[in-house]
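Student: Before anything else, here's the structure in question.
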Number of protein chains: 2
Amino acid sequence: MPVKLTVPEAASLKPVRGVQLGYAEAHVRKSGRKDVLVITLAEGSRVAGVFTLNQFCAAPVILCKSFLAEKADIRALLVNTGCANAGTGEDGLNRAKQSCEALGRLLNLQVNQVLPFSTGVILESLPVDKVIAGLPDAIENLKEDNWLNAAEAIMTTDIVAKGTSRQIQLGGRQITITGISKGSGMIHPNMATMLGYIATDAAVSQTALESIIHYAVNKSFNCITVDGDTSTNDSLIMMATNLAGNAEVSESSADFITLRNALTDVAIELAQAIVRDGEGATKFMTVKIEGGRDEAECRKVAYAIAHSPLIKTAFFASDPNLGRILAAIGYAGVEQLDVNALKLYLGDVLVAENGGRAPAYLEEQGVAVMKEAEILVRVDLARGKAACTVWTCDFSYDYVKINADYRS
Amino acid sequence: MPVKLTVPEAASLKPVRGVQLGYAEAHVRKSGRKDVLVITLAEGSRVAGVFTLNQFCAAPVILCKSFLAEKADIRALLVNTGCANAGTGEDGLNRAKQSCEALGRLLNLQVNQVLPFSTGVILESLPVDKVIAGLPDAIENLKEDNWLNAAEAIMTTDIVAKGTSRQIQLGGRQITITGISKGSGMIHPNMATMLGYIATDAAVSQTALESIIHYAVNKSFNCITVDGDTSTNDSLIMMATNLAGNAEVSESSADFITLRNALTDVAIELAQAIVRDGEGATKFMTVKIEGGRDEAECRKVAYAIAHSPLIKTAFFASDPNLGRILAAIGYAGVEQLDVNALKLYLGDVLVAENGGRAPAYLEEQGVAVMKEAEILVRVDLARGKAACTVWTCDFSYDYVKINADYRS
């Protein structure tokens, strides 16, 4: 079950002026499930995206990148679940484009004003006719207060719909930020089968929005991992409708940091929600590495810990088998690491120092921390000032079950 | 259950002249289990070792490296299970040394003529008194035809004892090679909680033996992975007692390749046995990458596939969810990979080409291959002539169970 994560109240997801959302049950995934989502944006909206680095990236990702590179005036997003349209070659590109054309015809837009997204099984052909057949229903129910339905429409193995809002003041105007995300397996830095859509009504320049999305993704979606796999389809989109009436925020505006931090905050909450809903997760782990020479080596250590199936199964069992963490630190690939200088903490408890178990450490202390649903693993490498934080979850029977049965 | 792996017949493990093996039940691990092994070598034997690259390497590994670097005349090996003596700092080194001193006293050897090895739980103090108390029993039953007992004495979560022999002719003399190994989890290239001991009665020079062990380890133990974790204690030792009466083999001898290949063959069988007995394994997978620009990029792709929990759970389920393999190829980090040029095969079946599913591929074909106990995944990167092969196993409920319960 998701770790300290519940479905948001519909009313807690605030409408963003200029953003309408509509969904359909198009039978792409299975009957009785919302599986198509349409998002429309008011004229003058700005859009930025960050996508998977997987070289086998899906057809919709290729199109998104191309349409954004053309600096087209993006006015709609189309998402389907049930089929990733990845590993589908030229035919997959054609099908994705057909879906954009179909939505464009219905909304009076050019094909490149529609960004397509898909999530689901890889290497299967997109049933584009079903997607297109669902579009009239989705357009029929387009409205601004449809964020919770939208969050539900993009779920795959997710147990809980994920969304959050923030409202801030910017130059005397109230700004709303609302975001939704999906993803629960195959989650890894550099974006995994993860979709995220964050919208604001703030007025913000294109370059500022692009700067913000890169900053935010590095602090959020690129800091999570469930199983170390990186998906073919991951996409994070930030949209700004410019309808809040504030003075346009540029990178040099006094307001820039305020807006950036609020958008980043939403991105972090959405990213963490994906880990909390990690496939089979029973624990939420924060892995914090400090005292590194640079951030890169801190990330190596953090991911060695966060990816280790041995560590993740021990956390599942609430077993403070901390030697496995030391082993992971040792094979993380940090050059000239002094294993006698580093310190390992579980929560607030000093567990290891001087290359071995801390003299004052008692097994009961470790067990007490391990029984919590949220656990902090902290390593002080004691060789510099760099740090990084990664979030992950434990590895349970249910992870195997979910992934062994995924297509059945 | 182990995949096509059974306990070797005692008689199939041929004695190696000059190598005696004795064991004890010393209650380091649990009652009623052999947990201490002593191996003695005839005077004039040559010994070479390869050890874990984990920077948190265990006390016995530090001592082994040091004794071998001193070019001491190694005459005995001492192995205990139940405790890894890793993450134990200065005290761990002292305890490992005490165990060598104790065996040295009983065998009339210097401390640095005894190589120590430990495997088991990390971060716990070695009960050296128990190990030492077991030595007289082990010495009492030292004999040349004790290889199967020795293989059993080094098991931890292994289900099946692992050993094999080869006999070859070298310069008109019969040469025997016998090896044993242990390990079933935390198995990864660069040696994991894996111990391997390979002995031959061949006469071989020290430099030739060292050349052979490095060649052999790169073709065997460095090509296997169960869960991607690299242990603190892994060690492979090759011993040559020089008693076969052949002319000493040097790197320039005509016999060199023959001996090297026979020793490598034993190393490969022992390494594969570890994967076949991988924790919770139900399938044995050979991942063969061809057509790469260099071996390094082939290894990246092979390990991306072999480490992916998503792929490993799909194999457990006999589900040809081959898109997950394409995704892993895509995130393996190969520069400028042309995903449209590569080909993916499952067994003999062409599954994917031109960036998508092969037109002739039928799901039934994939399912048929996936139901086999031994499965070949082959990728042709179509950009060069380099290749590599990695062996791994699937990821089952039992993997989680074994590792969640390991210390209980």
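Identifiers for the structure tokens are assigned positionally: chains receive A, B, ... in sequence, residues are indexed from 1 per chain, and ligands are indexed from 1 in the order shown.
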Near B:Ala382, counting only C-alpha atoms, which residues have an atom at most 8 Å away, once you skip same-chain residues fewer than 3 positions from it, shown as a PyMOL selection string?

Tutor: chain B and resi 290-292+341-343

Student: What residues in stretch 94-204 of chain B get the DSSP label alpha helix (DSSP H)? Please answer as a ChimeraX atom specification.

Tutor: /B:94-107,128-140,147-153

Student: With C-alpha atoms retained, export the selected residues as an mmCIF file, in the first residue's frame.

Tutor:
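File written: result00.cif
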```
data_model
loop_
_atom_site.group_PDB
_atom_site.id
_atom_site.type_symbol
_atom_site.label_atom_id
_atom_site.label_comp_id
_atom_site.auth_asym_id
_atom_site.auth_seq_id
_atom_site.Cartn_x
_atom_site.Cartn_y
_atom_site.Cartn_z
ATOM 1 C CA ASN B 94 43.063 -8.602 14.583
ATOM 2 C CA ARG B 95 40.543 -11.413 14.758
ATOM 3 C CA ALA B 96 41.296 -12.580 11.208
ATOM 4 C CA LYS B 97 44.996 -12.527 12.027
ATOM 5 C CA GLN B 98 44.401 -14.490 15.247
ATOM 6 C CA SER B 99 42.680 -17.205 13.257
ATOM 7 C CA CYS B 100 45.670 -17.423 10.872
ATOM 8 C CA GLU B 101 48.089 -17.525 13.798
ATOM 9 C CA ALA B 102 46.122 -20.311 15.426
ATOM 10 C CA LEU B 103 46.087 -22.438 12.272
ATOM 11 C CA GLY B 104 49.767 -21.589 11.716
ATOM 12 C CA ARG B 105 50.659 -22.866 15.189
ATOM 13 C CA LEU B 106 48.847 -26.145 14.548
ATOM 14 C CA LEU B 107 50.459 -26.636 11.130
ATOM 15 C CA VAL B 128 37.252 -16.131 16.395
ATOM 16 C CA ASP B 129 37.309 -18.373 19.470
ATOM 17 C CA LYS B 130 34.756 -20.650 17.842
ATOM 18 C CA VAL B 131 36.718 -20.728 14.590
ATOM 19 C CA ILE B 132 39.912 -21.591 16.462
ATOM 20 C CA ALA B 133 38.144 -24.224 18.560
ATOM 21 C CA GLY B 134 37.060 -25.915 15.325
ATOM 22 C CA LEU B 135 40.569 -26.158 13.860
ATOM 23 C CA PRO B 136 41.686 -29.429 15.489
ATOM 24 C CA ASP B 137 38.635 -31.224 14.070
ATOM 25 C CA ALA B 138 39.305 -29.787 10.616
ATOM 26 C CA ILE B 139 42.953 -30.814 10.744
ATOM 27 C CA GLU B 140 41.968 -34.252 12.005
ATOM 28 C CA TRP B 147 36.350 -31.811 -2.057
ATOM 29 C CA LEU B 148 32.594 -32.362 -1.740
ATOM 30 C CA ASN B 149 32.740 -31.894 2.031
ATOM 31 C CA ALA B 150 34.775 -28.761 1.404
ATOM 32 C CA ALA B 151 32.181 -27.460 -1.062
ATOM 33 C CA GLU B 152 29.502 -28.028 1.574
ATOM 34 C CA ALA B 153 31.541 -26.353 4.299
#
```

Student: Residues within 8 Å of stretch 54-61 of chain B, please, as a PyMOL selection string. Count only C-alpha atoms; anything in the same chain fewer than 3 positions from it doesn't count.

Tutor: (chain A and resi 326-327+329-331+337+339+355) or (chain B and resi 51+64-65+84-89+92-93+96+115-118+230-235)

Student: Would you list the contacts of A:Asp255 as a list in words, taking every protein, DNA or RNA residue within 8 Å and counting only C-alpha atoms, but skipping same-chain residues closer than 3 positions in sequence?

Tutor: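 Contacts, in chain order: Leu170, Gly171, Val249, Thr258 and Leu259 of chain A.
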
Student: Go ahead and save the residues from that selection, with C-alpha atoms, as a compact mmCIF listing (two decimals), in the first residue's frame.

Tutor:
```txt
# COMPACT_ATOMS: atom_id res chain seq x y z
CA LEU A 170 3.29 37.33 -7.09
CA GLY A 171 3.33 41.11 -7.52
CA VAL A 249 8.34 36.83 -14.69
CA THR A 258 9.53 32.67 -5.58
CA LEU A 259 7.82 31.22 -8.63
```

Student: Env of stretch 311-321 of chain B: 6 Å cut, atoms = only C-alpha atoms, seq-sep filter 3 positions within chain, self excluded. Answer as a CSV table (one decimal) with C-alpha atoms, in the first residue's frame.

Tutor:
```csv
chain,number,residue,atom,x,y,z
A,400,VAL,CA,7.6,-9.1,-7.9
A,403,ASN,CA,5.7,-6.9,-12.4
A,404,ALA,CA,5.4,-10.6,-13.0
B,308,SER,CA,16.8,-4.8,-14.5
B,324,ARG,CA,11.4,-4.0,-21.2
B,366,GLY,CA,8.2,-15.7,-27.3
B,367,VAL,CA,6.1,-17.5,-24.7
B,370,MET,CA,10.3,-18.0,-22.0
B,371,LYS,CA,9.0,-21.2,-20.6
B,394,ASP,CA,15.3,-14.3,-12.9
B,395,PHE,CA,13.9,-12.5,-9.9
B,396,SER,CA,11.2,-14.3,-7.9
```

Student: Please provide the set of residues having any atom within 7 Å of B:Ala328, restricted to only C-alpha atoms, with same-chain residues fewer than 4 positions apart removed, written as a VMD selection string.

Tutor: chain B and resid 304 to 305 324 332

Student: Can you check which residues of stretch 196-290 of chain B DSSP gives as strand (DSSP E or B) on the backbone and send them as a compact mmCIF listing (two decimals) with C-alpha atoms, in the first residue's frame?

Tutor:
```
# COMPACT_ATOMS: atom_id res chain seq x y z
CA GLY B 196 36.08 -19.87 -5.42
CA TYR B 197 39.01 -22.23 -4.96
CA ILE B 198 40.56 -23.92 -7.96
CA ALA B 199 43.51 -26.26 -7.56
CA THR B 200 45.68 -28.11 -10.02
CA VAL B 204 53.14 -23.66 -13.58
CA ILE B 224 27.75 -13.22 -13.69
CA THR B 225 25.19 -11.23 -11.78
CA SER B 235 37.80 -14.02 -3.49
CA LEU B 236 38.94 -16.42 -6.16
CA ILE B 237 42.09 -18.41 -5.48
CA MET B 238 44.05 -20.57 -7.89
CA MET B 239 46.54 -23.03 -6.48
CA ALA B 240 49.11 -25.15 -8.33
CA VAL B 249 54.28 -24.10 -17.79
CA PHE B 284 19.11 -19.24 -16.12
CA MET B 285 19.59 -16.44 -18.64
CA THR B 286 22.47 -15.95 -21.03
CA VAL B 287 22.66 -12.36 -22.23
CA LYS B 288 24.80 -12.13 -25.33
CA ILE B 289 25.56 -8.76 -26.88
CA GLU B 290 27.14 -8.68 -30.32
```
